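Listing of coords_39.txt, compact mmCIF, C-alpha atoms and all ligand atoms
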```txt
# COMPACT_ATOMS: atom_id res chain seq x y z
CA MET U 1 18.11 5.47 15.66
CA PRO U 2 17.60 2.21 13.74
CA LYS U 3 20.72 0.04 13.63
CA ALA U 4 22.80 0.21 10.45
CA ASN U 5 22.88 -3.02 8.46
CA PRO U 6 25.95 -2.95 6.22
CA THR U 7 24.66 -5.80 4.06
CA MET U 8 21.39 -4.06 3.19
CA PRO U 9 20.68 -0.90 1.18
CA VAL U 10 20.04 2.51 2.63
CA ILE U 11 17.32 4.41 0.78
CA PRO U 12 17.90 8.16 0.37
CA ALA U 13 14.97 9.67 2.26
CA LYS U 14 13.79 12.73 4.18
CA PRO U 15 14.46 13.81 6.84
CA ALA U 16 17.02 10.99 7.10
CA ASP U 17 18.03 7.98 5.04
CA PHE U 18 16.04 4.79 5.57
CA GLN U 19 17.99 1.64 6.42
CA LEU U 20 16.34 -1.48 5.07
CA PRO U 21 16.45 -4.52 7.34
CA ALA U 22 17.16 -8.03 6.08
CA PRO U 23 15.04 -9.39 3.21
CA GLY U 24 11.71 -10.65 4.51
CA ARG U 25 11.68 -8.06 7.31
CA PHE U 26 10.20 -5.26 5.23
CA ALA U 27 7.07 -5.14 3.10
CA LEU U 28 5.49 -3.00 0.43
CA VAL U 29 2.05 -1.96 1.68
CA ILE U 30 -0.36 -0.73 -1.00
CA ILE U 31 -3.35 1.00 0.51
CA ASP U 32 -6.82 0.84 -1.08
CA MET U 33 -6.02 1.05 -4.80
CA GLN U 34 -9.64 0.12 -5.46
CA ARG U 35 -12.07 0.99 -8.20
CA ASP U 36 -14.21 2.54 -5.44
CA PHE U 37 -11.63 5.31 -5.10
CA LEU U 38 -10.19 5.56 -8.62
CA GLU U 39 -13.20 5.13 -10.90
CA PRO U 40 -16.41 7.11 -11.37
CA GLY U 41 -19.44 5.73 -9.56
CA GLY U 42 -17.61 4.51 -6.47
CA PHE U 43 -17.19 5.78 -2.92
CA GLY U 44 -14.63 8.44 -3.82
CA GLU U 45 -16.91 10.10 -6.32
CA SER U 46 -19.92 9.81 -3.99
CA LEU U 47 -17.99 12.01 -1.58
CA GLY U 48 -17.72 14.70 -4.27
CA ASN U 49 -14.17 14.03 -5.43
CA ASN U 50 -12.51 14.11 -8.85
CA VAL U 51 -11.37 10.50 -8.90
CA HIS U 52 -9.12 10.96 -11.95
CA ARG U 53 -6.61 12.81 -9.79
CA LEU U 54 -5.41 9.50 -8.31
CA ARG U 55 -4.50 7.79 -11.60
CA PRO U 56 -0.88 9.03 -12.07
CA ILE U 57 0.46 6.85 -9.26
CA VAL U 58 -0.66 3.62 -10.96
CA PRO U 59 2.47 3.13 -13.11
CA VAL U 60 4.69 3.97 -10.15
CA LEU U 61 3.02 1.29 -8.03
CA GLN U 62 3.26 -1.14 -10.95
CA ARG U 63 7.03 -0.64 -11.09
CA LEU U 64 7.37 -1.16 -7.35
CA LEU U 65 5.19 -4.27 -7.50
CA VAL U 66 7.25 -5.80 -10.29
CA ALA U 67 10.45 -5.07 -8.39
CA PHE U 68 9.20 -6.55 -5.10
CA ARG U 69 7.88 -9.61 -6.90
CA MET U 70 11.14 -10.15 -8.76
CA ARG U 71 13.08 -9.85 -5.53
CA GLY U 72 10.67 -12.02 -3.55
CA PHE U 73 10.00 -9.28 -1.00
CA PRO U 74 6.61 -9.34 0.79
CA VAL U 75 3.71 -7.34 -0.59
CA ILE U 76 0.49 -6.49 1.26
CA HIS U 77 -2.59 -4.97 -0.39
CA THR U 78 -5.44 -3.43 1.59
CA ILE U 79 -9.09 -3.00 0.68
CA GLU U 80 -11.50 -0.69 2.48
CA GLY U 81 -14.94 -2.26 2.48
CA HIS U 82 -17.92 -3.42 4.50
CA HIS U 83 -19.94 -6.57 4.86
CA PRO U 84 -23.12 -6.61 2.75
CA ASP U 85 -25.30 -6.33 5.87
CA LEU U 86 -23.35 -3.20 6.95
CA THR U 87 -23.02 -4.48 10.51
CA ASP U 88 -19.40 -3.33 10.49
CA CYS U 89 -20.20 0.19 9.27
CA PRO U 90 -20.94 2.67 12.05
CA PRO U 91 -23.65 5.30 11.47
CA ALA U 92 -21.05 8.07 11.54
CA LYS U 93 -19.48 6.54 8.43
CA LEU U 94 -22.72 5.50 6.78
CA ARG U 95 -23.90 9.10 6.73
CA ARG U 96 -21.01 10.18 4.48
CA GLY U 97 -21.79 10.76 0.80
CA LYS U 98 -24.69 12.02 -1.25
CA ASP U 99 -28.29 10.81 -0.96
CA GLY U 100 -28.66 7.70 -3.14
CA SER U 101 -24.91 7.06 -3.37
CA ARG U 102 -23.90 6.22 0.17
CA ILE U 103 -22.11 3.09 1.39
CA GLY U 104 -24.24 0.08 0.45
CA ASP U 105 -26.28 1.91 -2.18
CA PRO U 106 -26.33 0.48 -5.71
CA GLY U 107 -24.00 2.11 -8.23
CA PRO U 108 -22.61 1.39 -11.70
CA MET U 109 -19.93 -0.89 -10.19
CA GLY U 110 -22.23 -2.63 -7.72
CA ARG U 111 -23.00 -1.63 -4.15
CA ILE U 112 -20.72 1.17 -3.00
CA LEU U 113 -17.82 0.14 -0.74
CA ILE U 114 -19.18 -3.36 -0.14
CA LEU U 115 -16.76 -6.27 -0.02
CA GLY U 116 -16.94 -8.52 -3.04
CA GLU U 117 -18.68 -6.01 -5.31
CA PRO U 118 -16.92 -5.24 -8.62
CA GLY U 119 -16.22 -1.66 -7.58
CA ASN U 120 -14.66 -2.69 -4.30
CA GLY U 121 -11.88 -4.67 -5.94
CA ILE U 122 -8.33 -3.55 -6.57
CA ILE U 123 -7.88 -2.01 -10.02
CA PRO U 124 -6.75 -4.61 -12.58
CA GLU U 125 -3.40 -2.90 -13.19
CA LEU U 126 -2.38 -3.63 -9.58
CA ALA U 127 -4.15 -6.93 -9.09
CA PRO U 128 -2.61 -9.06 -6.34
CA VAL U 129 -1.00 -12.33 -7.39
CA PRO U 130 -1.04 -15.63 -5.53
CA GLY U 131 1.12 -15.46 -2.44
CA GLU U 132 0.44 -11.79 -1.72
CA LEU U 133 -1.70 -10.81 1.21
CA VAL U 134 -4.96 -8.95 0.78
CA LEU U 135 -6.23 -7.33 3.94
CA THR U 136 -9.81 -6.11 4.10
CA LYS U 137 -10.48 -3.36 6.60
CA PRO U 138 -13.63 -1.58 7.76
CA GLY U 139 -11.88 1.66 8.70
CA LYS U 140 -9.31 4.06 7.38
CA GLY U 141 -6.30 2.63 9.21
CA ALA U 142 -5.10 -0.86 8.23
CA PHE U 143 -4.58 -1.79 11.89
CA CYS U 144 -8.13 -0.91 13.00
CA ARG U 145 -10.20 -4.06 13.61
CA THR U 146 -7.83 -6.25 11.53
CA ASP U 147 -5.15 -8.86 12.23
CA LEU U 148 -2.40 -6.90 10.52
CA GLU U 149 -0.30 -6.27 13.61
CA SER U 150 -0.16 -9.90 14.73
CA MET U 151 0.56 -11.04 11.20
CA LEU U 152 3.48 -8.64 10.87
CA ARG U 153 4.88 -9.62 14.28
CA VAL U 154 4.74 -13.32 13.53
CA GLN U 155 6.47 -12.77 10.19
CA ALA U 156 9.01 -10.51 11.97
CA ILE U 157 8.31 -7.71 9.52
CA THR U 158 9.54 -4.48 11.12
CA HIS U 159 9.65 -1.98 8.25
CA LEU U 160 6.79 -0.86 6.01
CA LEU U 161 7.12 0.96 2.68
CA VAL U 162 3.72 2.50 2.14
CA GLY U 163 1.87 3.85 -0.91
CA GLY U 164 -1.70 4.05 -2.16
CA VAL U 165 -4.70 6.28 -1.55
CA THR U 166 -5.62 8.65 -0.20
CA THR U 167 -2.55 10.22 1.30
CA GLU U 168 -4.13 12.12 4.15
CA VAL U 169 -6.89 9.62 4.93
CA CYS U 170 -6.16 5.89 4.80
CA VAL U 171 -2.44 6.19 4.12
CA GLN U 172 -1.68 8.67 6.86
CA THR U 173 -3.94 6.90 9.36
CA THR U 174 -2.15 3.62 8.65
CA LEU U 175 1.25 5.27 9.02
CA ARG U 176 0.29 6.70 12.39
CA GLU U 177 -1.11 3.40 13.59
CA ALA U 178 2.05 1.60 12.46
CA ASN U 179 4.31 4.18 14.04
CA ASP U 180 2.53 3.85 17.39
CA ARG U 181 3.07 0.09 17.22
CA GLY U 182 6.79 0.48 16.67
CA PHE U 183 7.08 -0.18 12.95
CA GLU U 184 9.57 1.85 10.92
CA CYS U 185 7.68 3.51 8.07
CA LEU U 186 8.64 5.00 4.73
CA LEU U 187 6.00 6.89 2.76
CA ILE U 188 6.62 6.63 -0.99
CA GLU U 189 6.17 10.19 -2.26
CA ASP U 190 5.20 9.50 -5.87
CA ALA U 191 3.25 6.31 -5.05
CA THR U 192 0.57 8.03 -2.99
CA GLU U 193 -2.05 10.55 -4.04
CA SER U 194 -4.90 12.62 -2.69
CA TYR U 195 -7.98 14.25 -4.18
CA PHE U 196 -6.48 17.43 -2.72
CA PRO U 197 -2.88 18.24 -3.78
CA GLU U 198 -2.39 20.53 -0.82
CA PHE U 199 -3.39 17.75 1.61
CA LYS U 200 -0.85 15.39 0.04
CA GLN U 201 1.86 18.01 0.49
CA SER U 202 0.79 18.72 4.06
CA THR U 203 0.88 15.02 4.88
CA MET U 204 4.42 14.72 3.53
CA ASP U 205 5.45 17.70 5.62
CA MET U 206 3.66 16.48 8.75
CA VAL U 207 4.90 12.91 8.85
CA ARG U 208 8.56 13.76 8.25
CA ALA U 209 8.67 16.85 10.50
CA GLN U 210 10.36 16.69 13.90
CA GLY U 211 13.01 14.25 12.68
CA GLY U 212 10.49 11.95 11.00
CA ILE U 213 8.05 11.85 13.88
CA VAL U 214 5.73 9.46 11.99
CA ALA U 215 7.67 8.34 8.91
CA ALA U 216 10.40 9.14 6.44
CA THR U 217 9.53 9.88 2.82
CA ALA U 218 11.35 8.79 -0.33
CA HIS U 219 10.89 8.80 -4.10
CA SER U 220 10.19 5.45 -5.76
CA SER U 221 13.22 5.77 -8.03
CA ASP U 222 15.49 5.88 -4.97
CA ILE U 223 13.80 2.78 -3.58
CA LEU U 224 14.15 0.91 -6.86
CA ARG U 225 17.76 1.93 -7.22
CA SER U 226 18.51 0.94 -3.64
CA ILE U 227 17.19 -2.56 -4.14
CA GLY U 228 19.04 -2.84 -7.42
CA VAL U 229 16.17 -2.56 -9.85
CA THR U 230 16.77 -0.57 -13.02
CA GLU U 231 14.23 1.80 -14.48
CA PRO U 232 14.04 2.62 -18.18
CA SER U 233 15.72 5.99 -17.68
CA ALA U 234 17.91 5.10 -14.71
CA GLY U 235 21.62 4.52 -14.77
CA PRO U 236 23.26 1.25 -13.72
CA PRO U 237 22.24 0.20 -10.21
CA SER U 238 24.67 -0.26 -7.39
CA THR U 239 25.83 -3.83 -6.79
CA ALA U 240 27.54 -3.02 -3.50
CA ASN U 241 25.19 -5.19 -1.50
CA PRO U 242 23.61 -8.61 -1.98
CA ALA U 243 20.09 -7.24 -2.40
CA ALA U 244 21.17 -5.07 -5.29
CA ARG U 245 21.55 -7.60 -8.10
CA PRO U 246 19.97 -5.73 -11.00
CA VAL U 247 16.58 -6.74 -12.32
CA ASN U 248 14.44 -4.88 -14.81
CA ALA U 249 11.29 -3.27 -13.46
CA THR U 250 9.78 -2.83 -16.90
CA ALA U 251 8.78 -6.50 -17.11
CA ALA U 252 4.98 -6.56 -17.26
CA GLN U 253 4.66 -9.16 -14.49
CA ALA U 254 6.74 -12.00 -13.16
CA PRO U 255 5.65 -15.38 -14.57
CA SER U 256 3.34 -17.43 -12.40
CA SER U 257 5.99 -20.07 -11.70
CA LEU U 258 8.12 -17.32 -10.20
CA HIS U 259 5.16 -16.10 -8.19
CA ALA U 260 4.75 -19.54 -6.74
CA ARG U 261 8.40 -19.64 -5.79
CA LEU U 262 8.22 -16.20 -4.18
CA ALA U 263 5.05 -16.94 -2.23
CA PHE U 264 4.90 -15.10 1.06
CA PRO U 265 4.45 -17.54 3.97
CA LEU U 266 0.74 -18.00 4.28
CA GLY U 267 0.16 -20.22 7.28
CA LEU U 268 -0.78 -17.36 9.57
CA ALA U 269 -2.73 -15.34 7.08
CA ILE U 270 -6.10 -16.95 7.58
CA SER U 271 -8.37 -14.76 9.61
CA ARG U 272 -11.48 -12.66 9.18
CA ASN U 273 -9.59 -9.87 7.53
CA LEU U 274 -6.51 -11.40 6.08
CA PHE U 275 -6.49 -14.02 3.40
CA PRO U 276 -4.17 -15.19 0.68
CA LEU U 277 -5.32 -15.21 -2.90
CA HIS U 278 -5.42 -18.60 -4.54
CA PRO U 279 -4.59 -19.22 -8.19
N1 LIG U 301 -12.23 9.85 1.22
C1 LIG U 301 -10.93 9.59 1.19
O1 LIG U 301 -10.12 10.47 0.87
N2 LIG U 301 -10.48 8.36 1.48
C2 LIG U 301 -11.20 7.30 1.95
O2 LIG U 301 -12.38 7.38 2.25
N3 LIG U 301 -10.53 6.13 2.05
C3 LIG U 301 -9.18 5.98 1.78
O3 LIG U 301 -8.42 6.93 1.86
N4 LIG U 301 -8.78 4.77 1.39
```

For the structure just supplied, provide its representation as structure tokens.
Amino acid sequence: MPKANPTMPVIPAKPADFQLPAPGRFALVIIDMQRDFLEPGGFGESLGNNVHRLRPIVPVLQRLLVAFRMRGFPVIHTIEGHHPDLTDCPPAKLRRGKDGSRIGDPGPMGRILILGEPGNGIIPELAPVPGELVLTKPGKGAFCRTDLESMLRVQAITHLLVGGVTTEVCVQTTLREANDRGFECLLIEDATESYFPEFKQSTMDMVRAQGGIVAATAHSSDILRSIGVTEPSAGPPSTANPAARPVNATAAQAPSSLHARLAFPLGLAISRNLFPLHP
């Protein structure tokens, strides 16, 4: 059982409540909210999926992002993509998709699932801001062939609050990788989505079964309330702990001066896969 921390919020979660550690020790991890998965003409559609199914989680992630930025809590974005020469894309992955719209083929948003192409970027609504980490990854899991683990260890981040797409592919793989490395994970129920509703539900059930064998799950409104951020329809937040000073999550985005002040420590973020955004 994780140790209780009376000065930090406990998030109502399943199968058991989720104790947040001290500020700076937990991060919001947003998996692969890229045009390649959410817009027509990208990798998601080339695999035969209805990409519009993923859209409803965008406002939820926006609210979480605003809240984490206002509080100065770390945020990590991931991008699934490959180098233009495809040397990091194994044949088993390259074969996925339809003839003429496989990884590296030209599409309406540039080459499919290739780093730096317009379609490979994060959707504008969730664009990272300076000081947030953007991790590129060649696989489904965010720990596979990346520096994520060492970066988290050096920053002493122990708890990950995870959302993004797709629930049963990159999100679940990342949760399992994180769990095996000893990180406490919370899957944000309404901030993750799948092309297959039944797979999303199964993932929720699987990860939190057996006492939360992989992760706990919680609704975003409970997370926001726990960290003292009001929602338009929410009642007054608790102020019983220092992290719960109310802020309003409806603000479009924190001003850039605030972003600069909240900048996540960047010194260790420079590697092949992990780089800070610059203004
Ligand atoms: N196909 C599918 O559901 N997902 C992926 O290929 N990547 C991610 O989940 N990001």

Could you list, as JSON, numbers by chain, all protein and nucleic acid residues with an atom at most 8 Å from ligand LIG 301 (chain U), counting only C-alpha atoms and all ligand atoms?
{"U": [31, 32, 33, 37, 43, 44, 47, 79, 80, 140, 164, 165, 166, 167, 168, 169, 170, 171, 194, 195]}

Enumerate, as a ChimeraX atom specification, the protein, DNA and RNA residues whose atoms approach (-7.6, -1.7, 4.5) to within 6 Å, taking into account all atoms listed in the file and the coordinate frame of the file.
/U:78-80,135-137,142

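Of the listed residues (U:Gly228, U:Pro15, U:Gly141, U:Gly24), U:Pro15 comes nearest to Met204 (chain U); the distances count all atoms listed in the file.
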
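Across the structure, CA of Val134 (chain U) and CA of Asn5 (chain U) are spaced 29.5 Å apart.
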
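Counting from CA of Val75 (chain U), the distance to CA of Val162 (chain U) is 10.2 Å.
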
List the residues sitting within 12 Å of (-25.8, 1.9, -0.3) in the file's frame, using only C-alpha atoms, as a VMD selection string.
chain U and resid 41 to 43 46 81 to 86 89 93 to 114 117

Using C-alpha atoms, can you write the selected residues to a file as a compact mmCIF listing (two decimals), in the coordinates of the input?
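Wrote it out as out_12.txt, contents follow:
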```txt
# COMPACT_ATOMS: atom_id res chain seq x y z
CA GLY U 41 -19.44 5.73 -9.56
CA GLY U 42 -17.61 4.51 -6.47
CA PHE U 43 -17.19 5.78 -2.92
CA SER U 46 -19.92 9.81 -3.99
CA GLY U 81 -14.94 -2.26 2.48
CA HIS U 82 -17.92 -3.42 4.50
CA HIS U 83 -19.94 -6.57 4.86
CA PRO U 84 -23.12 -6.61 2.75
CA ASP U 85 -25.30 -6.33 5.87
CA LEU U 86 -23.35 -3.20 6.95
CA CYS U 89 -20.20 0.19 9.27
CA LYS U 93 -19.48 6.54 8.43
CA LEU U 94 -22.72 5.50 6.78
CA ARG U 95 -23.90 9.10 6.73
CA ARG U 96 -21.01 10.18 4.48
CA GLY U 97 -21.79 10.76 0.80
CA LYS U 98 -24.69 12.02 -1.25
CA ASP U 99 -28.29 10.81 -0.96
CA GLY U 100 -28.66 7.70 -3.14
CA SER U 101 -24.91 7.06 -3.37
CA ARG U 102 -23.90 6.22 0.17
CA ILE U 103 -22.11 3.09 1.39
CA GLY U 104 -24.24 0.08 0.45
CA ASP U 105 -26.28 1.91 -2.18
CA PRO U 106 -26.33 0.48 -5.71
CA GLY U 107 -24.00 2.11 -8.23
CA PRO U 108 -22.61 1.39 -11.70
CA MET U 109 -19.93 -0.89 -10.19
CA GLY U 110 -22.23 -2.63 -7.72
CA ARG U 111 -23.00 -1.63 -4.15
CA ILE U 112 -20.72 1.17 -3.00
CA LEU U 113 -17.82 0.14 -0.74
CA ILE U 114 -19.18 -3.36 -0.14
CA GLU U 117 -18.68 -6.01 -5.31
```

Residues near Gly212 (chain U), cut-off 12 Å, all atoms listed in the file, skip fewer than 2 positions along chain, as a ChimeraX atom specification
/U:1,13-18,175-176,179,184-187,203-210,214-218

For Thr192 (chain U), the nearest of the candidates U:Gly121, U:Pro91, U:Val29, U:Pro138, counting all atoms listed in the file:
U:Val29

Write out as a PyMOL selection string which residues come within 10 Å of Ile123 (chain U) when counting only C-alpha atoms, dropping same-chain ones fewer than 5 positions away.
chain U and resi 32-39+58+118+128

For CA of Gln62 (chain U) and CA of Pro12 (chain U), determine how far apart the two atoms are, in Å to one decimal place.
20.7 Å
